[in-house]
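Pasted below: work.cif, mmCIF, C-alpha atoms.
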```cif
data_run
#
loop_
_atom_site.label_atom_id
_atom_site.label_comp_id
_atom_site.auth_asym_id
_atom_site.auth_seq_id
_atom_site.Cartn_x
_atom_site.Cartn_y
_atom_site.Cartn_z
CA MET A 82 -4.97 20.21 7.91
CA GLY A 83 -7.04 19.26 4.91
CA THR A 84 -7.23 20.89 1.54
CA LEU A 85 -10.44 22.82 1.39
CA VAL A 86 -12.27 23.13 -1.87
CA GLU A 87 -14.55 25.90 -2.90
CA ALA A 88 -17.91 24.44 -3.77
CA PRO A 89 -21.52 25.23 -2.98
CA VAL A 90 -22.90 23.54 0.11
CA VAL A 91 -26.21 21.85 -0.61
CA THR A 92 -28.35 19.05 0.77
CA LEU A 93 -27.72 15.48 -0.33
CA ALA A 94 -31.01 15.38 -2.27
CA GLU A 95 -30.14 18.53 -4.20
CA ALA A 96 -26.65 17.26 -4.91
CA VAL A 97 -27.91 13.90 -6.15
CA ASN A 98 -30.47 15.62 -8.37
CA ALA A 99 -27.81 17.85 -9.87
CA GLY A 100 -25.58 14.83 -10.50
CA PHE A 101 -28.44 12.84 -11.98
CA GLU A 102 -29.43 15.66 -14.30
CA LYS A 103 -25.88 16.05 -15.47
CA PHE A 104 -24.91 12.45 -16.21
CA GLY A 105 -27.98 10.27 -15.63
CA LEU A 106 -26.07 7.95 -13.30
CA VAL A 107 -25.28 8.48 -9.66
CA LEU A 108 -23.13 6.08 -7.66
CA GLY A 109 -24.17 6.24 -4.04
CA TRP A 110 -25.48 4.24 -1.13
CA ALA A 111 -29.08 3.30 -0.49
CA PRO A 112 -30.70 1.18 2.22
CA GLY A 113 -30.41 -2.51 1.48
CA ARG A 114 -32.44 -5.43 2.78
CA ASP A 115 -31.17 -5.11 6.36
CA GLY A 116 -31.62 -1.34 6.39
CA ASN A 117 -27.89 -0.68 6.21
CA LEU A 118 -26.54 1.28 3.30
CA THR A 119 -25.26 -0.63 0.32
CA PRO A 120 -23.67 0.56 -2.96
CA THR A 121 -26.33 1.60 -5.44
CA PHE A 122 -26.19 2.71 -9.04
CA ALA A 123 -29.05 5.18 -9.44
CA ARG A 124 -30.17 5.23 -13.07
CA SER A 125 -33.61 6.76 -12.54
CA ALA A 126 -34.88 9.76 -10.60
CA GLU A 127 -36.74 7.40 -8.29
CA GLN A 128 -33.59 5.43 -7.45
CA ALA A 129 -31.67 8.66 -7.04
CA SER A 130 -34.16 9.84 -4.44
CA GLU A 131 -33.34 6.79 -2.30
CA LEU A 132 -29.65 7.61 -1.95
CA ALA A 133 -28.55 8.34 1.60
CA PHE A 134 -25.51 8.63 3.81
CA GLY A 135 -24.94 7.28 7.30
CA PRO A 136 -22.54 5.31 9.46
CA SER A 137 -23.09 2.17 7.39
CA ALA A 138 -21.89 3.84 4.15
CA VAL A 139 -18.52 2.14 4.44
CA TYR A 140 -17.87 1.28 0.79
CA ASN A 141 -15.46 3.34 -1.26
CA LEU A 142 -17.37 3.99 -4.47
CA ALA A 143 -14.33 5.45 -6.20
CA ARG A 144 -13.61 1.86 -7.13
CA TYR A 145 -16.55 1.82 -9.56
CA VAL A 146 -16.13 5.27 -11.06
CA ARG A 147 -13.54 4.42 -13.71
CA ASP A 148 -15.74 1.73 -15.24
CA HIS A 149 -18.85 3.92 -15.36
CA THR A 150 -17.77 7.38 -16.47
CA PRO A 151 -19.38 9.76 -17.09
CA CYS A 152 -21.17 9.57 -13.79
CA ALA A 153 -21.81 11.35 -10.53
CA VAL A 154 -20.45 9.84 -7.35
CA VAL A 155 -21.19 10.38 -3.69
CA ALA A 156 -17.79 10.36 -2.02
CA LYS A 157 -16.51 10.55 1.52
CA PRO A 158 -13.32 12.59 1.99
CA CYS A 159 -11.19 9.42 1.86
CA ASP A 160 -13.00 8.41 -1.35
CA THR A 161 -12.25 11.78 -2.94
CA ARG A 162 -8.57 11.14 -2.29
CA SER A 163 -8.83 7.92 -4.28
CA LEU A 164 -10.42 9.89 -7.10
CA VAL A 165 -7.66 12.50 -6.97
CA GLN A 166 -4.98 9.81 -7.04
CA MET A 167 -6.58 8.26 -10.13
CA MET A 168 -6.64 11.70 -11.75
CA SER A 169 -2.97 12.25 -10.99
CA GLU A 170 -2.27 8.95 -12.77
CA ASN A 171 -4.36 10.02 -15.78
CA MET A 172 -6.79 7.19 -15.19
CA LEU A 173 -9.78 9.42 -14.64
CA ASP A 174 -10.95 12.55 -16.41
CA ARG A 175 -12.07 15.30 -14.05
CA ASP A 176 -14.70 16.48 -16.52
CA LYS A 177 -16.34 13.08 -16.66
CA VAL A 178 -17.14 12.79 -13.00
CA PHE A 179 -19.44 14.90 -10.85
CA VAL A 180 -18.15 14.64 -7.31
CA ILE A 181 -20.62 15.01 -4.47
CA GLY A 182 -18.19 15.53 -1.61
CA LEU A 183 -19.39 14.67 1.87
CA ARG A 184 -18.18 16.16 5.07
CA CYS A 185 -17.78 12.97 6.98
CA PRO A 186 -18.17 12.33 10.69
CA GLY A 187 -16.78 8.82 10.20
CA VAL A 188 -18.37 5.47 9.45
CA ALA A 189 -18.95 2.38 11.55
CA ASP A 190 -16.88 -0.76 11.70
CA MET A 191 -19.57 -3.07 10.35
CA LYS A 192 -17.67 -6.21 11.34
CA LYS A 193 -17.74 -5.03 14.93
CA VAL A 194 -21.40 -4.10 14.69
CA ARG A 195 -22.31 -7.55 13.38
CA GLU A 196 -20.13 -9.30 15.93
CA ARG A 197 -21.78 -7.50 18.81
CA TYR A 198 -25.35 -7.11 17.66
CA GLY A 199 -25.67 -10.00 15.24
CA TRP A 200 -26.29 -10.19 11.51
CA GLY A 201 -28.91 -7.76 10.33
CA ALA A 202 -28.08 -5.21 13.02
CA ARG A 203 -28.89 -1.82 11.64
CA VAL A 204 -26.76 1.27 12.26
CA GLU A 205 -28.12 4.72 11.68
CA GLN A 206 -27.40 8.25 12.66
CA VAL A 207 -30.09 10.26 14.44
CA GLY A 208 -29.03 13.80 15.14
CA SER A 209 -25.42 13.48 16.18
CA GLU A 210 -25.92 10.15 17.86
CA TRP A 211 -25.50 6.65 16.45
CA ARG A 212 -28.13 4.02 17.01
CA VAL A 213 -27.95 0.28 16.51
CA ASN A 214 -31.42 -1.24 16.11
CA GLY A 215 -32.82 1.96 17.58
CA GLU A 216 -30.67 1.98 20.71
CA ALA A 217 -28.09 4.69 21.28
CA VAL A 218 -24.48 3.42 21.21
CA ASP A 219 -21.03 4.81 21.93
CA LYS A 220 -19.92 6.25 18.62
CA ALA A 221 -16.20 6.35 19.41
CA ASP A 222 -16.32 2.65 20.19
CA LEU A 223 -17.87 1.61 16.89
CA LEU A 224 -15.88 3.98 14.67
CA ASP A 225 -14.03 2.19 11.86
CA ALA A 226 -10.24 1.89 12.10
CA ARG A 227 -9.69 4.09 9.03
CA CYS A 228 -11.80 6.87 10.58
CA ARG A 229 -9.85 6.77 13.82
CA ALA A 230 -6.68 7.24 11.78
CA CYS A 231 -8.25 10.01 9.66
CA VAL A 232 -7.57 13.71 10.12
CA ARG A 233 -9.19 14.84 6.87
CA ARG A 234 -12.90 15.22 7.24
CA GLU A 235 -13.36 17.56 4.27
CA PRO A 236 -13.45 16.43 0.63
CA VAL A 237 -10.29 17.11 -1.37
CA ILE A 238 -12.23 17.71 -4.57
CA ALA A 239 -15.93 18.33 -4.98
CA ASP A 240 -18.44 19.88 -7.33
CA VAL A 241 -20.88 20.27 -4.48
CA ILE A 242 -20.37 19.73 -0.78
CA VAL A 243 -22.89 18.08 1.53
CA GLY A 244 -23.03 18.28 5.28
CA GLU A 245 -22.02 20.28 8.28
CA PRO A 246 -18.35 21.06 8.93
CA VAL A 247 -16.77 18.35 11.06
CA THR A 248 -13.98 18.90 13.55
CA PRO A 249 -11.32 16.31 12.86
CA PRO A 250 -9.43 14.69 15.73
CA ALA A 251 -6.15 16.50 16.39
CA GLU A 252 -4.07 13.34 16.52
CA PRO A 253 -4.76 10.41 14.22
CA GLU A 254 -4.94 7.10 15.99
CA ARG A 255 -2.18 4.73 14.91
CA ALA A 256 -2.80 1.12 13.94
CA THR A 257 -1.27 -0.95 16.71
CA GLY A 258 -0.71 -4.61 17.35
CA LEU A 259 2.60 -5.18 15.59
CA PRO A 260 4.99 -6.97 17.99
CA GLU A 261 8.26 -5.25 18.83
CA SER A 262 10.77 -8.06 18.46
CA MET A 263 11.67 -9.42 15.05
CA ALA A 264 11.06 -13.04 16.06
CA GLU A 265 7.55 -12.20 17.25
CA ARG A 266 6.86 -10.24 14.09
CA GLY A 267 7.72 -13.28 12.01
CA ALA A 268 5.34 -15.41 14.06
CA PHE A 269 2.67 -12.70 13.95
CA TRP A 270 2.70 -12.46 10.16
CA GLU A 271 2.92 -16.20 9.74
CA ALA A 272 -0.31 -16.51 11.70
CA GLU A 273 -1.89 -13.66 9.72
CA PHE A 274 -0.91 -14.99 6.32
CA ALA A 275 -1.82 -18.54 7.24
CA LYS A 276 -5.43 -17.28 7.36
CA CYS A 277 -5.32 -15.90 3.83
CA ILE A 278 -7.44 -17.84 1.35
CA ARG A 279 -6.22 -15.70 -1.57
CA CYS A 280 -9.70 -14.56 -2.49
CA TYR A 281 -8.19 -11.31 -3.79
CA ALA A 282 -10.89 -9.26 -2.05
CA CYS A 283 -8.16 -6.81 -1.03
CA ARG A 284 -7.33 -6.29 -4.68
CA ASN A 285 -10.91 -6.12 -5.87
CA ALA A 286 -11.95 -3.61 -3.23
CA CYS A 287 -8.98 -1.35 -3.91
CA PRO A 288 -9.81 1.66 -6.08
CA LEU A 289 -6.17 1.88 -7.20
CA CYS A 290 -5.68 -1.79 -8.16
CA TYR A 291 -6.93 -1.23 -11.67
CA CYS A 292 -4.48 -3.08 -13.94
CA GLN A 293 -6.49 -3.38 -17.06
CA ASP A 294 -4.60 -6.11 -18.85
CA VAL A 295 -3.94 -8.79 -16.29
CA CYS A 296 -3.07 -8.79 -12.62
CA VAL A 297 0.44 -9.97 -11.89
CA ALA A 298 -1.07 -12.55 -9.54
CA GLN A 299 -2.48 -14.44 -12.49
CA SER A 300 0.54 -13.95 -14.69
CA ARG A 301 2.51 -17.08 -15.53
CA GLN A 302 5.27 -15.23 -17.35
CA PRO A 303 6.79 -13.88 -15.16
CA HIS A 304 5.60 -16.34 -12.56
CA TRP A 305 5.64 -14.37 -9.33
CA LEU A 306 3.10 -16.42 -7.48
CA THR A 307 1.74 -19.91 -7.41
CA ASP A 308 -1.86 -20.62 -6.45
CA GLU A 309 -0.82 -22.33 -3.24
CA ALA A 310 -2.12 -20.34 -0.28
CA THR A 311 0.92 -20.96 1.93
CA PRO A 312 2.12 -18.21 4.28
CA ALA A 313 5.17 -17.60 2.09
CA GLU A 314 3.11 -17.23 -1.09
CA ASN A 315 0.56 -15.06 0.67
CA TRP A 316 3.37 -12.85 1.95
CA MET A 317 4.62 -12.55 -1.60
CA TRP A 318 1.14 -11.54 -2.71
CA GLN A 319 1.01 -8.77 -0.13
CA MET A 320 4.52 -7.68 -1.11
CA ILE A 321 3.22 -7.35 -4.67
CA ARG A 322 0.39 -5.20 -3.41
CA MET A 323 2.76 -3.11 -1.32
CA ALA A 324 5.16 -2.66 -4.22
CA HIS A 325 2.36 -1.57 -6.52
CA LEU A 326 0.69 0.74 -4.03
CA ALA A 327 3.79 2.35 -2.57
CA GLY A 328 3.48 6.09 -2.93
CA ARG A 329 -0.06 5.68 -4.23
CA CYS A 330 -2.10 4.23 -1.38
CA THR A 331 -4.42 6.84 0.10
CA GLN A 332 -5.25 4.68 3.12
CA CYS A 333 -8.94 4.48 2.31
CA GLY A 334 -8.98 1.25 4.32
CA GLU A 335 -10.99 -0.77 1.83
CA CYS A 336 -8.59 -3.73 1.68
CA ASN A 337 -8.69 -4.01 5.44
CA ARG A 338 -12.48 -3.85 5.48
CA ALA A 339 -12.95 -6.27 2.60
CA CYS A 340 -10.65 -8.97 3.98
CA PRO A 341 -12.93 -11.85 5.01
CA VAL A 342 -10.36 -13.35 7.38
CA ASP A 343 -9.31 -10.09 9.06
CA ILE A 344 -5.67 -9.95 8.05
CA ARG A 345 -4.13 -6.78 9.49
CA LEU A 346 -3.71 -4.97 6.18
CA ASP A 347 -4.03 -1.61 7.95
CA LEU A 348 -0.51 -2.15 9.31
CA LEU A 349 0.78 -2.46 5.75
CA THR A 350 -1.03 0.59 4.38
CA GLN A 351 0.10 2.58 7.38
CA GLU A 352 3.70 1.59 6.67
CA LEU A 353 3.30 2.67 3.04
CA ALA A 354 1.98 6.08 4.07
CA ASP A 355 4.63 6.54 6.77
CA THR A 356 7.46 5.70 4.38
CA SER A 357 6.17 8.08 1.71
CA ARG A 358 5.89 10.84 4.25
CA GLU A 359 9.29 10.28 5.84
CA LEU A 360 11.29 9.71 2.68
CA PHE A 361 9.58 11.92 0.15
CA ASN A 362 7.40 14.24 2.20
CA TYR A 363 4.54 12.98 0.08
CA GLU A 364 0.94 12.19 0.74
CA ALA A 365 -1.06 10.48 -1.97
CA GLY A 366 -4.33 11.77 -3.34
CA LEU A 367 -4.21 15.41 -2.38
CA ASP A 368 -3.50 17.10 -5.69
CA PRO A 369 -4.26 15.87 -9.22
CA GLU A 370 -1.09 17.60 -10.44
CA GLN A 371 1.35 15.97 -8.05
CA LYS A 372 3.84 13.40 -9.30
CA PRO A 373 3.95 9.99 -7.60
CA PRO A 374 7.29 9.64 -5.74
CA PHE A 375 8.46 6.53 -7.54
CA LEU A 376 7.97 8.09 -10.96
CA THR A 377 10.38 10.87 -10.22
CA TYR A 378 13.56 11.59 -8.30
CA ASP A 379 15.37 14.48 -6.67
CA LYS A 380 19.13 14.47 -7.23
CA GLU A 381 19.85 16.81 -4.35
CA ARG A 382 17.48 15.59 -1.69
CA ASP A 383 17.52 11.83 -2.13
CA GLU A 384 20.40 10.94 0.14
CA TRP A 385 20.01 8.13 2.62
CA PRO A 386 22.78 6.49 4.60
CA ILE A 387 24.06 3.42 2.81
CA ILE A 388 26.84 0.99 3.62
CA MET B 266 11.38 -22.04 10.28
CA PRO B 267 11.00 -18.63 8.75
CA LEU B 268 7.60 -17.57 7.53
CA ILE B 269 8.81 -16.03 4.35
CA ALA B 270 10.62 -18.95 2.87
CA ASP B 271 9.71 -22.21 1.31
CA TYR B 272 10.19 -24.93 3.85
CA LYS B 273 12.27 -27.31 1.78
CA LYS B 274 14.80 -24.69 0.84
CA THR B 275 15.62 -23.65 4.38
CA GLN B 276 15.51 -27.03 6.03
CA ALA B 277 18.63 -27.95 7.97
CA LYS B 278 20.64 -25.13 6.51
CA GLU B 279 23.81 -24.39 8.43
CA LYS B 280 25.30 -21.49 6.55
CA PRO B 281 23.41 -18.37 5.48
CA THR B 282 22.68 -17.82 1.81
CA ILE B 283 23.87 -14.45 0.57
CA VAL B 284 22.82 -13.00 -2.77
CA ALA B 285 24.19 -9.87 -4.41
CA PHE B 286 22.62 -8.11 -7.38
CA LEU B 287 25.25 -6.08 -9.22
CA CYS B 288 24.72 -3.73 -12.11
CA ASN B 289 26.46 -4.71 -15.30
CA TRP B 290 28.28 -1.44 -15.86
CA CYS B 291 29.83 -0.48 -12.51
CA SER B 292 29.53 -2.89 -9.64
CA TYR B 293 29.94 -6.10 -11.62
CA ALA B 294 33.05 -4.64 -13.25
CA GLY B 295 34.13 -3.43 -9.81
CA ALA B 296 33.80 -6.94 -8.41
CA ASP B 297 35.78 -8.16 -11.41
CA ALA B 298 38.45 -5.56 -10.69
CA ALA B 299 38.57 -6.75 -7.09
CA GLY B 300 39.24 -10.23 -8.41
CA THR B 301 41.95 -9.29 -10.88
CA SER B 302 43.61 -7.10 -8.23
CA ARG B 303 43.57 -10.18 -5.96
CA PHE B 304 41.78 -8.54 -3.05
CA LYS B 305 40.52 -11.08 -0.56
CA GLN B 306 36.78 -11.64 -0.91
CA PRO B 307 34.34 -13.85 0.99
CA PRO B 308 33.57 -16.99 -1.03
CA ASP B 309 29.91 -17.40 -0.10
CA VAL B 310 28.25 -14.56 -1.99
CA ARG B 311 26.19 -15.50 -5.02
CA ILE B 312 26.47 -12.69 -7.50
CA ILE B 313 23.72 -12.04 -10.02
CA ARG B 314 24.38 -9.58 -12.79
CA VAL B 315 21.55 -7.23 -13.78
CA PRO B 316 21.53 -4.61 -16.54
CA CYS B 317 21.04 -1.73 -14.12
CA SER B 318 20.10 -1.30 -10.48
CA GLY B 319 17.01 0.47 -11.82
CA ARG B 320 16.01 -2.79 -13.47
CA LEU B 321 15.57 -4.45 -10.09
CA ASP B 322 11.92 -4.75 -9.36
CA TRP B 323 11.29 -4.85 -5.61
CA LEU B 324 9.61 -8.12 -6.15
CA ILE B 325 12.85 -9.71 -7.34
CA ILE B 326 14.34 -8.92 -3.94
CA ALA B 327 11.19 -9.97 -2.10
CA LYS B 328 11.20 -13.24 -4.01
CA THR B 329 14.87 -13.77 -3.20
CA PHE B 330 13.95 -13.64 0.46
CA LYS B 331 10.98 -15.88 -0.16
CA GLU B 332 13.21 -18.45 -1.82
CA GLY B 333 15.25 -18.58 1.35
CA ALA B 334 18.01 -15.97 1.11
CA ASP B 335 19.40 -14.72 4.41
CA GLY B 336 20.99 -11.58 3.06
CA VAL B 337 20.54 -9.55 -0.11
CA LEU B 338 22.94 -6.87 -1.30
CA VAL B 339 22.23 -4.57 -4.22
CA SER B 340 24.98 -2.53 -5.77
CA GLY B 341 24.89 -0.09 -8.67
CA CYS B 342 26.78 2.84 -10.11
CA HIS B 343 27.23 5.90 -7.98
CA PRO B 344 24.30 8.30 -8.35
CA GLY B 345 25.17 10.55 -11.27
CA ASP B 346 27.26 7.87 -13.00
CA CYS B 347 24.49 5.60 -14.21
CA HIS B 348 25.15 4.09 -17.64
CA TYR B 349 21.54 4.88 -18.44
CA THR B 350 21.80 8.35 -16.90
CA GLU B 351 19.05 8.03 -14.30
CA GLY B 352 18.41 4.37 -13.51
CA ASN B 353 19.96 4.47 -10.07
CA TYR B 354 18.11 7.65 -9.13
CA TYR B 355 14.88 5.70 -9.45
CA ALA B 356 16.49 2.65 -7.87
CA ARG B 357 17.57 4.34 -4.67
CA ARG B 358 14.07 5.57 -3.95
CA LYS B 359 12.69 2.07 -4.35
CA LEU B 360 15.53 0.39 -2.48
CA GLU B 361 15.35 2.76 0.45
CA ALA B 362 11.60 2.25 0.74
CA LEU B 363 11.96 -1.52 0.56
CA LYS B 364 14.63 -1.40 3.24
CA ARG B 365 12.05 0.14 5.53
CA TYR B 366 9.32 -2.33 4.69
CA LEU B 367 11.25 -5.53 5.36
CA PRO B 368 11.62 -5.14 9.16
CA LEU B 369 7.83 -4.90 9.34
CA PHE B 370 7.72 -8.60 8.50
CA GLY B 371 10.46 -9.60 10.90
CA ILE B 372 13.34 -9.54 8.43
CA GLU B 373 16.01 -7.88 10.56
CA GLU B 374 17.55 -4.60 9.54
CA GLY B 375 20.88 -5.35 7.93
CA ARG B 376 19.70 -8.36 5.98
CA PHE B 377 19.05 -6.09 3.04
CA GLU B 378 21.48 -3.36 2.00
CA TYR B 379 22.22 -1.35 -1.08
CA THR B 380 25.40 0.43 -2.01
CA TRP B 381 27.21 2.09 -4.90
CA VAL B 382 30.48 0.75 -6.28
CA SER B 383 32.08 1.99 -9.49
CA ALA B 384 34.01 -0.12 -12.02
CA SER B 385 37.38 1.07 -10.73
CA GLU B 386 36.61 0.59 -7.03
CA GLY B 387 37.81 -2.98 -6.62
CA LYS B 388 38.99 -2.27 -3.11
CA ARG B 389 35.70 -0.68 -2.13
CA TRP B 390 33.79 -3.71 -3.41
CA ALA B 391 36.02 -6.04 -1.42
CA ASP B 392 35.41 -3.94 1.71
CA VAL B 393 31.67 -3.63 1.20
CA VAL B 394 31.10 -7.29 0.50
CA THR B 395 33.32 -8.39 3.41
CA GLU B 396 31.47 -6.12 5.78
CA PHE B 397 28.09 -7.28 4.49
CA THR B 398 28.94 -10.98 4.72
CA GLU B 399 30.23 -10.56 8.25
CA GLN B 400 27.01 -8.80 9.14
CA ILE B 401 24.92 -11.66 7.72
CA HIS B 402 27.06 -14.32 9.39
CA LYS B 403 26.50 -12.52 12.67
CA LEU B 404 22.74 -12.50 12.08
CA GLY B 405 22.90 -16.13 10.96
CA VAL B 406 20.30 -18.18 9.15
CA ARG B 407 16.87 -16.57 9.23
CA LYS B 408 14.71 -17.94 12.00
CA ALA B 409 11.75 -15.59 11.93
CA GLY B 410 10.42 -13.36 9.24
#
```

Structure re-expressed in structure tokens:
Amino acid sequence: MGTLVEAPVVTLAEAVNAGFEKFGLVLGWAPGRDGNLTPTFARSAEQASELAFGPSAVYNLARYVRDHTPCAVVAKPCDTRSLVQMMSENMLDRDKVFVIGLRCPGVADMKKVRERYGWGARVEQVGSEWRVNGEAVDKADLLDARCRACVRREPVIADVIVGEPVTPPAEPERATGLPESMAERGAFWEAEFAKCIRCYACRNACPLCYCQDVCVAQSRQPHWLTDEATPAENWMWQMIRMAHLAGRCTQCGECNRACPVDIRLDLLTQELADTSRELFNYEAGLDPEQKPPFLTYDKERDEWPII
Amino acid sequence: MPLIADYKKTQAKEKPTIVAFLCNWCSYAGADAAGTSRFKQPPDVRIIRVPCSGRLDWLIIAKTFKEGADGVLVSGCHPGDCHYTEGNYYARRKLEALKRYLPLFGIEEGRFEYTWVSASEGKRWADVVTEFTEQIHKLGVRKAG
């Protein structure tokens, strides 16, 4: 699996230099105060030389690309899918972005790292091994949920490719934890949505939540949502997100990572992807030319049992 | 008390609330035909007329559940017969997807259905709506989800 692109394989430094020379702005990750990687906008050659990749490069920079074109961007395979999806929606011009596609061995679940090793714990890759504060750790254990569910370890689009080929896991790991019975599911989601403080981090982290005029959450006409953070309203908010991302979500996992109260948004994005695959044989973000399933129809094939 | 409903609206409710969204051109006329032909119909369905089944945003249905509905039925023209040529082709993709999402939140399968009824199918409407109401009465008032 995985759409392979033809592009020269170079080192990260060479790729960043090429991107910087072309557009004068490179979106990437550089070590922050705690040594972990943090999103960085490199506007000078000196800043560009600091850009790096490692297990703490969790952020999907595709989210910033639309607002800063023309630019170069360092993108993990999942991030390139976000870029492709934006291109298929005519929200991003291929010529205005220089994609530095990474072959990705996966990134760390930073929440887990901080829970176990405390704030300021530093994750880095040395050789093929991961180290937290210099000590070797079990990589499979710290791998982020989105990477365990990922079978695409090659960029979908790229101008240059960085890194060694990575063997993807044969079987993606499924997000689990949803109760079987309907009554338990109701209770499960009530507890999840009761935590929600409606900070909209899920929306703000999402590279595809780009409504330029006004988000429906703030709209008063029509009035879909009130500001009350009750479980029912919070459910409605996530239904809005599901409705707007159906057939578009590339499962980059950013909403799940950004959620400060750990609502299980991975279950929702997984459902969106499953439904698209089962009903329309569609996977988002693989081809800039493909048509999103809800913007088209197929008279012959679209037959589902109805009452 | 169900999660996805405002507390006040579901408090001490004995009978389930059933809402049907019918398209103006086929199903609403079909329901009308069922009435004028004097077919027996369940009295506890609240019918809302919409211009086309393609007009139905998912969120309208989601909000109907949030406001405390126990069953939602959507009915439009048969695929191929849409007054606007293609509205129900788009609608059935959305409706089928939504039907799969709702059980994720504990809203039982069967609480949401969609169907196609034409303007002349008064009998079919009577059958469909009777079957659907029986189904909802069997499921009862929403407890979870």

Identify, on the basis of all atoms listed in the file, every residue whose closest approach to range 352-362 of chain B does not exceed 8 Å; exclude the query and any residue fewer than 5 positions from it along the same chain; express the result as a PyMOL selection string. (chain A and resi 356+360+375-380+383+385) or (chain B and resi 317-321+323+341-345+347+379)

The residue from A:Gln302, A:Cys330, A:Ile387, A:Val146 with the smallest atom-to-atom distance to Phe397 in chain B, counting only C-alpha atoms, is A:Ile387

Given the file shown, determine the residues that the PyMOL selection byres ((chain B) within 10 of (chain A)) selects; report them as a ChimeraX atom specification. /B:266-272,322-325,327-328,330-332,344-345,351,353-359,361-363,365-375,378-381,393-394,396-397,407-410

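Atom to atom, CA of Val241 in chain A and CA of Gly182 in chain A stand 6.2 Å apart.
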
On this structure, which residues satisfy the PyMOL selection byres ((chain A and resi 296) around 12), written as an mmCIF file with C-alpha atoms, in the frame of the given file?
```
data_model
loop_
_atom_site.group_PDB
_atom_site.id
_atom_site.type_symbol
_atom_site.label_atom_id
_atom_site.label_comp_id
_atom_site.auth_asym_id
_atom_site.auth_seq_id
_atom_site.Cartn_x
_atom_site.Cartn_y
_atom_site.Cartn_z
ATOM 1 C CA TYR A 281 -8.190 -11.310 -3.790
ATOM 2 C CA ARG A 284 -7.330 -6.290 -4.680
ATOM 3 C CA ASN A 285 -10.910 -6.120 -5.870
ATOM 4 C CA CYS A 290 -5.680 -1.790 -8.160
ATOM 5 C CA TYR A 291 -6.930 -1.230 -11.670
ATOM 6 C CA CYS A 292 -4.480 -3.080 -13.940
ATOM 7 C CA GLN A 293 -6.490 -3.380 -17.060
ATOM 8 C CA ASP A 294 -4.600 -6.110 -18.850
ATOM 9 C CA VAL A 295 -3.940 -8.790 -16.290
ATOM 10 C CA VAL A 297 0.440 -9.970 -11.890
ATOM 11 C CA ALA A 298 -1.070 -12.550 -9.540
ATOM 12 C CA GLN A 299 -2.480 -14.440 -12.490
ATOM 13 C CA SER A 300 0.540 -13.950 -14.690
ATOM 14 C CA ARG A 301 2.510 -17.080 -15.530
ATOM 15 C CA GLN A 302 5.270 -15.230 -17.350
ATOM 16 C CA PRO A 303 6.790 -13.880 -15.160
ATOM 17 C CA HIS A 304 5.600 -16.340 -12.560
ATOM 18 C CA TRP A 305 5.640 -14.370 -9.330
ATOM 19 C CA LEU A 306 3.100 -16.420 -7.480
ATOM 20 C CA TRP A 318 1.140 -11.540 -2.710
ATOM 21 C CA ILE A 321 3.220 -7.350 -4.670
ATOM 22 C CA ARG A 322 0.390 -5.200 -3.410
ATOM 23 C CA HIS A 325 2.360 -1.570 -6.520
#
```

12 Å contact set for Ser385 in chain B, all atoms listed in the file, chain neighbours under 6 positions out, as an NGL selection string: :B and (290-302 or 342-343 or 391)

Could you check how far CA of Gly116 in chain A sits from CA of Ser209 in chain A, in Å to one decimal? 18.8 Å

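The interatomic distance for the pair CA of Leu183 in chain A and CA of Lys157 in chain A works out to 5.0 Å.
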
Contacts of Val188 in chain A at 9 Å (only C-alpha atoms; same-chain gap of 2+ positions) as a PDB file with C-alpha atoms, keeping the file's coordinate frame:
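Written output follows (part_33.pdb):
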```pdb
ATOM      1  CA  GLY A 135     -24.940   7.280   7.300  1.00  0.00           C
ATOM      2  CA  PRO A 136     -22.540   5.310   9.460  1.00  0.00           C
ATOM      3  CA  SER A 137     -23.090   2.170   7.390  1.00  0.00           C
ATOM      4  CA  ALA A 138     -21.890   3.840   4.150  1.00  0.00           C
ATOM      5  CA  VAL A 139     -18.520   2.140   4.440  1.00  0.00           C
ATOM      6  CA  CYS A 185     -17.780  12.970   6.980  1.00  0.00           C
ATOM      7  CA  PRO A 186     -18.170  12.330  10.690  1.00  0.00           C
ATOM      8  CA  ASP A 190     -16.880  -0.760  11.700  1.00  0.00           C
ATOM      9  CA  MET A 191     -19.570  -3.070  10.350  1.00  0.00           C
ATOM     10  CA  LEU A 223     -17.870   1.610  16.890  1.00  0.00           C
ATOM     11  CA  LEU A 224     -15.880   3.980  14.670  1.00  0.00           C
ATOM     12  CA  ASP A 225     -14.030   2.190  11.860  1.00  0.00           C
ATOM     13  CA  ARG A 227      -9.690   4.090   9.030  1.00  0.00           C
ATOM     14  CA  CYS A 228     -11.800   6.870  10.580  1.00  0.00           C
TER      15      CYS A 228
END
```

Measuring atom to atom with all atoms listed in the file, identify which of B:Ile283, B:Val406, B:Val315, B:Val382 is nearest to Gly336 in chain B.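 Ranked by minimum distance to Gly336 in chain B, first place goes to B:Ile283.
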